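Notes follow the structure.
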Amino acid sequence: MQGISLFPVFLIGLFGSVHCAGMCGGIVSAFSMVPPAARAFPVPVATRSAPAPARMLSYNAGRLGSYMLAGAIAGGVANGARALGGLGTFQVGGYWLANLMLVALGLYLMDAWRGLARVETLGNSLWRRLKPLTARLQPLDGPVKLFGLGALWGWLPCGMVYSVLVTAMLSGSAASGAAVMLAFGLGTLPMLMAMGVAGGRLRMAIQRRPVRIAAGLLVLGFGLLGIARAAAGTHAHWLDLFCIPGAAA
């Protein structure tokens, strides 16, 4: 199987990271150098020996590691299901589902339709079991604990993550699924790193409605372009830069 193009997945993470500002923005703001009273999330960081970027890298390394693990599971399980149920039907159905999820994500980012929020309830059971573990990592006084917190936080129920996991399922293997989620996570990294250094002010700016609408329209465009591509049967290679292609045999 040829791997799914990772560039559009990276772009989805980059533009969709305005959602991360709401979901994870509070915790990453706690890593900044702003006074404790100004932090949007009550996470005690006991040490100031490491600069904010170093703390953020430790946290995000754990978060990306969890994304890759989820992608590997999705890609591996779906690969087995594809082998049992037939390649063609799985690819076509999965491709349409992946792009419909992008449409839903774009509307979600714009606050035009909150249906994707219902998908987030699928992960509540797992998160309820993992969340108490975050208390054992306090105080966050070293890179290992920050990595552990990021690894746990990567399983926070998130409709945006779930929408990209559908793409990871199409990737053809566990390794490709992990690569898809790594590309997505790297796309979210610039925004979260910037918030970790700049603090809550940047988070507030990103959460402004015009910014969310612009980001949502871009992600919505990716999904609509992919659907149009499938409906028209177009296979132009330049489209791989802007929409998710199905993995080919």
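Naming scheme: A, B, ... for chains in displayed order of the structure tokens; residues 1 onward per chain; ligands 1 onward as shown.
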Could you produce a table of the residues of region 65-120 of chain A lying within 9 Å of region 216-224 of chain A, with the nearest pair of atoms per residue and their separation in Å rounded to one decimal, using only C-alpha atoms, ordered by chain and increasing residue number, as CSV?
```
residue,atom,partner,partner_atom,distance
A:Ala98,CA,A:Gly223,CA,8.0
A:Asn99,CA,A:Gly223,CA,4.5
A:Leu100,CA,A:Gly223,CA,6.3
A:Met101,CA,A:Gly223,CA,7.5
A:Leu102,CA,A:Gly223,CA,4.8
A:Val103,CA,A:Leu220,CA,4.7
A:Ala104,CA,A:Leu220,CA,7.5
A:Leu105,CA,A:Leu220,CA,7.1
A:Gly106,CA,A:Gly216,CA,4.1
A:Leu107,CA,A:Gly216,CA,6.1
A:Tyr108,CA,A:Gly216,CA,7.3
A:Leu109,CA,A:Gly216,CA,4.8
A:Met110,CA,A:Gly216,CA,5.1
A:Asp111,CA,A:Gly216,CA,8.6
```
For C-alpha atoms, I'd like the residues from the last selection saved as a compact mmCIF listing (two decimals), in the first residue's frame.
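Saved to out22.txt:
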```
# COMPACT_ATOMS: atom_id res chain seq x y z
CA ALA A 98 -12.42 10.90 6.13
CA ASN A 99 -13.41 13.90 4.03
CA LEU A 100 -16.86 14.15 5.60
CA MET A 101 -15.10 14.27 8.97
CA LEU A 102 -13.01 17.18 7.67
CA VAL A 103 -16.19 18.99 6.65
CA ALA A 104 -17.58 18.39 10.14
CA LEU A 105 -14.31 19.61 11.66
CA GLY A 106 -14.37 22.81 9.61
CA LEU A 107 -17.93 23.54 10.77
CA TYR A 108 -16.90 22.68 14.32
CA LEU A 109 -14.00 25.12 14.26
CA MET A 110 -16.36 27.85 13.04
CA ASP A 111 -18.93 26.98 15.72
```
Item to check | For region 160-172 of chain A: contacts at 8 Å, only C-alpha atoms, fewer than 4 positions along chain excluded, given as an MDAnalysis selection string | outcome: chainID A and resid 1:4 9 16 19 70:72 74:79 91 94:95 97:98 101:102 105 119:120 176:178 180:181 184 244 246:247
Go ahead and save the picked residues with N, CA, C and O atoms, as a CSV table (one decimal), in the first residue's frame.
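Output file out_39.csv follows:
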```
chain,number,residue,atom,x,y,z
A,1,MET,N,0.8,-1.2,0.0
A,1,MET,CA,0.0,0.0,0.0
A,1,MET,C,0.9,1.2,0.0
A,1,MET,O,1.8,1.3,0.7
A,2,GLN,N,0.5,2.2,-0.8
A,2,GLN,CA,1.2,3.5,-0.8
A,2,GLN,C,0.7,4.3,0.3
A,2,GLN,O,-0.5,4.4,0.6
A,3,GLY,N,1.5,5.1,1.0
A,3,GLY,CA,1.1,5.8,2.1
A,3,GLY,C,0.3,7.1,1.7
A,3,GLY,O,0.4,7.6,0.6
A,4,ILE,N,-0.5,7.5,2.6
A,4,ILE,CA,-1.3,8.7,2.4
A,4,ILE,C,-0.4,9.9,2.5
A,4,ILE,O,0.6,10.0,3.3
A,9,VAL,N,-2.3,16.5,5.8
A,9,VAL,CA,-2.6,16.2,7.3
A,9,VAL,C,-1.9,17.2,8.2
A,9,VAL,O,-2.4,17.6,9.2
A,16,GLY,N,-6.1,23.7,12.1
A,16,GLY,CA,-7.0,23.2,13.2
A,16,GLY,C,-6.6,23.5,14.6
A,16,GLY,O,-7.3,23.3,15.6
A,19,HIS,N,-8.4,25.1,17.5
A,19,HIS,CA,-9.2,24.3,18.5
A,19,HIS,C,-8.3,23.9,19.6
A,19,HIS,O,-8.8,23.9,20.8
A,70,ALA,N,-2.0,6.0,19.0
A,70,ALA,CA,-3.4,5.9,18.6
A,70,ALA,C,-3.5,5.6,17.1
A,70,ALA,O,-4.3,4.8,16.6
A,71,GLY,N,-2.6,6.3,16.3
A,71,GLY,CA,-2.6,6.1,14.9
A,71,GLY,C,-2.1,4.8,14.5
A,71,GLY,O,-2.7,4.2,13.5
A,72,ALA,N,-1.2,4.2,15.2
A,72,ALA,CA,-0.7,2.9,14.9
A,72,ALA,C,-1.8,1.8,15.2
A,72,ALA,O,-2.0,0.9,14.4
A,74,ALA,N,-5.1,2.4,15.1
A,74,ALA,CA,-6.1,2.6,14.1
A,74,ALA,C,-5.7,2.0,12.8
A,74,ALA,O,-6.4,1.3,12.1
A,75,GLY,N,-4.4,2.3,12.3
A,75,GLY,CA,-4.0,1.8,11.1
A,75,GLY,C,-3.8,0.3,11.1
A,75,GLY,O,-4.2,-0.4,10.1
A,76,GLY,N,-3.4,-0.3,12.2
A,76,GLY,CA,-3.2,-1.7,12.2
A,76,GLY,C,-4.5,-2.5,12.3
A,76,GLY,O,-4.7,-3.5,11.6
A,77,VAL,N,-5.5,-2.0,13.1
A,77,VAL,CA,-6.8,-2.6,13.2
A,77,VAL,C,-7.5,-2.5,11.9
A,77,VAL,O,-8.1,-3.5,11.4
A,78,ALA,N,-7.5,-1.4,11.3
A,78,ALA,CA,-8.2,-1.2,10.0
A,78,ALA,C,-7.6,-2.0,8.9
A,78,ALA,O,-8.3,-2.5,8.0
A,79,ASN,N,-6.3,-2.2,8.9
A,79,ASN,CA,-5.6,-3.0,7.9
A,79,ASN,C,-6.1,-4.4,8.0
A,79,ASN,O,-6.3,-5.1,7.0
A,91,GLN,N,-11.7,1.1,1.0
A,91,GLN,CA,-11.0,2.3,0.6
A,91,GLN,C,-12.0,3.4,0.2
A,91,GLN,O,-11.8,4.6,0.7
A,94,GLY,N,-14.0,4.5,3.3
A,94,GLY,CA,-13.1,5.2,4.3
A,94,GLY,C,-12.7,6.6,3.8
A,94,GLY,O,-12.6,7.6,4.5
A,95,TYR,N,-12.5,6.7,2.4
A,95,TYR,CA,-12.1,8.0,1.9
A,95,TYR,C,-13.2,9.0,2.0
A,95,TYR,O,-13.0,10.2,2.4
A,97,LEU,N,-15.6,8.9,4.2
A,97,LEU,CA,-15.8,9.2,5.6
A,97,LEU,C,-14.8,10.2,6.1
A,97,LEU,O,-15.0,11.1,6.9
A,98,ALA,N,-13.5,10.0,5.7
A,98,ALA,CA,-12.4,10.9,6.1
A,98,ALA,C,-12.7,12.3,5.7
A,98,ALA,O,-12.5,13.3,6.5
A,101,MET,N,-15.6,13.9,7.6
A,101,MET,CA,-15.1,14.3,9.0
A,101,MET,C,-14.4,15.6,8.9
A,101,MET,O,-14.5,16.4,9.8
A,102,LEU,N,-13.7,15.9,7.8
A,102,LEU,CA,-13.0,17.2,7.7
A,102,LEU,C,-14.0,18.3,7.5
A,102,LEU,O,-13.9,19.4,8.0
A,105,LEU,N,-15.3,18.9,10.9
A,105,LEU,CA,-14.3,19.6,11.7
A,105,LEU,C,-14.3,21.1,11.3
A,105,LEU,O,-14.2,21.9,12.2
A,119,VAL,N,-18.9,13.3,19.0
A,119,VAL,CA,-18.0,12.2,18.8
A,119,VAL,C,-17.0,12.2,20.0
A,119,VAL,O,-16.4,11.1,20.3
A,120,GLU,N,-16.7,13.3,20.6
A,120,GLU,CA,-15.8,13.4,21.7
A,120,GLU,C,-16.2,12.6,22.9
A,120,GLU,O,-15.4,12.1,23.7
A,176,SER,N,2.2,3.4,9.0
A,176,SER,CA,1.7,4.6,8.3
A,176,SER,C,0.7,5.4,9.1
A,176,SER,O,0.6,6.6,9.0
A,177,GLY,N,-0.1,4.7,9.9
A,177,GLY,CA,-1.1,5.3,10.8
A,177,GLY,C,-0.3,6.2,11.8
A,177,GLY,O,-0.8,7.3,12.1
A,178,ALA,N,0.8,5.7,12.3
A,178,ALA,CA,1.6,6.5,13.3
A,178,ALA,C,2.1,7.7,12.6
A,178,ALA,O,2.2,8.8,13.2
A,180,VAL,N,0.9,9.3,10.0
A,180,VAL,CA,-0.2,10.3,9.8
A,180,VAL,C,-0.5,11.1,11.1
A,180,VAL,O,-0.5,12.4,11.0
A,181,MET,N,-0.5,10.5,12.2
A,181,MET,CA,-0.8,11.2,13.4
A,181,MET,C,0.4,12.1,13.8
A,181,MET,O,0.3,13.1,14.5
A,184,PHE,N,0.1,15.2,11.8
A,184,PHE,CA,-0.9,16.0,12.3
A,184,PHE,C,-0.4,16.7,13.6
A,184,PHE,O,-0.6,17.9,13.8
A,244,ILE,N,-6.8,14.8,1.1
A,244,ILE,CA,-6.3,13.5,1.5
A,244,ILE,C,-6.6,12.5,0.5
A,244,ILE,O,-7.8,12.2,0.2
A,246,GLY,N,-6.8,8.7,-1.1
A,246,GLY,CA,-6.9,7.3,-0.5
A,246,GLY,C,-5.7,6.5,-0.8
A,246,GLY,O,-5.0,6.7,-1.8
A,247,ALA,N,-5.3,5.6,0.1
A,247,ALA,CA,-4.2,4.8,-0.1
A,247,ALA,C,-4.4,3.8,-1.3
A,247,ALA,O,-5.5,3.2,-1.4
```
Item to check | Who sits within 12 Å of Leu133 (chain A), only C-alpha atoms, same chain under 4 positions skipped, as a list in words | outcome: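 Contacts, in chain order: Leu126, Trp127, Arg128, Arg129, Leu137, Gln138, Lys145, Gly148, Leu149, Gly150, Ala151, Leu152 and Trp153 of chain A.
As for CA of Ala230 (chain A) and CA of Val211 (chain A), they are spaced 29.2 Å apart.
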Next on the checklist: Ranking A:Val18, A:Leu6, A:Leu11, A:Cys158 by minimum distance to Ala214 (chain A) and counting only C-alpha atoms, which one comes first?
Outcome noted: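 So, comparing all the options, the nearest one is A:Val18.
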Checklist entry - When distances are computed from only C-alpha atoms, which of A:Ile227, A:Cys24, A:Leu182, A:Ile213 shows the smallest separation from Met56 (chain A)? => result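 Residue with the minimum atom-to-atom distance to Met56 (chain A): A:Cys24.
For the pair CA of Ala175 (chain A) and CA of Ile12 (chain A), the separation is 19.9 Å.
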Next on the checklist: From a backbone DSSP assignment, name each residue in region 48-147 of chain A labelled alpha helix (DSSP H), as a ChimeraX atom specification.
Outcome noted: /A:52-85,87-109,115-120,124-135,143-147
Next on the checklist: List as a PyMOL selection string the protein and nucleic acid residues near Ala231 (chain A), meaning an atom at most 10 Å away when only C-alpha atoms are counted, but skip any in the same chain fewer than 5 places from it.
Outcome noted: chain A and resi 96+225-226
Prev. selection, all heavy atoms, output as a PDB file, in the first residue's frame:
```
ATOM      1  N   TRP A  96     -14.442   8.603   1.709  1.00  0.00           N
ATOM      2  CA  TRP A  96     -15.578   9.516   1.863  1.00  0.00           C
ATOM      3  C   TRP A  96     -15.768   9.898   3.331  1.00  0.00           C
ATOM      4  O   TRP A  96     -16.023  11.069   3.649  1.00  0.00           O
ATOM      5  CB  TRP A  96     -16.850   8.864   1.317  1.00  0.00           C
ATOM      6  CG  TRP A  96     -16.990   9.003  -0.166  1.00  0.00           C
ATOM      7  CD1 TRP A  96     -16.460   8.177  -1.118  1.00  0.00           C
ATOM      8  CD2 TRP A  96     -17.688  10.023  -0.859  1.00  0.00           C
ATOM      9  NE1 TRP A  96     -16.790   8.626  -2.375  1.00  0.00           N
ATOM     10  CE2 TRP A  96     -17.545   9.758  -2.260  1.00  0.00           C
ATOM     11  CE3 TRP A  96     -18.434  11.132  -0.468  1.00  0.00           C
ATOM     12  CZ2 TRP A  96     -18.118  10.578  -3.233  1.00  0.00           C
ATOM     13  CZ3 TRP A  96     -19.001  11.942  -1.444  1.00  0.00           C
ATOM     14  CH2 TRP A  96     -18.843  11.668  -2.804  1.00  0.00           C
ATOM     15  N   LEU A 225     -13.016  19.765  -1.134  1.00  0.00           N
ATOM     16  CA  LEU A 225     -12.183  19.461  -2.295  1.00  0.00           C
ATOM     17  C   LEU A 225     -11.988  17.955  -2.433  1.00  0.00           C
ATOM     18  O   LEU A 225     -12.023  17.410  -3.540  1.00  0.00           O
ATOM     19  CB  LEU A 225     -10.830  20.164  -2.163  1.00  0.00           C
ATOM     20  CG  LEU A 225      -9.867  20.031  -3.352  1.00  0.00           C
ATOM     21  CD1 LEU A 225     -10.493  20.611  -4.619  1.00  0.00           C
ATOM     22  CD2 LEU A 225      -8.552  20.725  -3.043  1.00  0.00           C
ATOM     23  N   GLY A 226     -11.791  17.281  -1.302  1.00  0.00           N
ATOM     24  CA  GLY A 226     -11.643  15.832  -1.346  1.00  0.00           C
ATOM     25  C   GLY A 226     -12.905  15.139  -1.830  1.00  0.00           C
ATOM     26  O   GLY A 226     -12.847  14.180  -2.611  1.00  0.00           O
TER      27      GLY A 226
END
```
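Going from CA of Gly93 (chain A) to CA of Phe15 (chain A) covers 25.4 Å.
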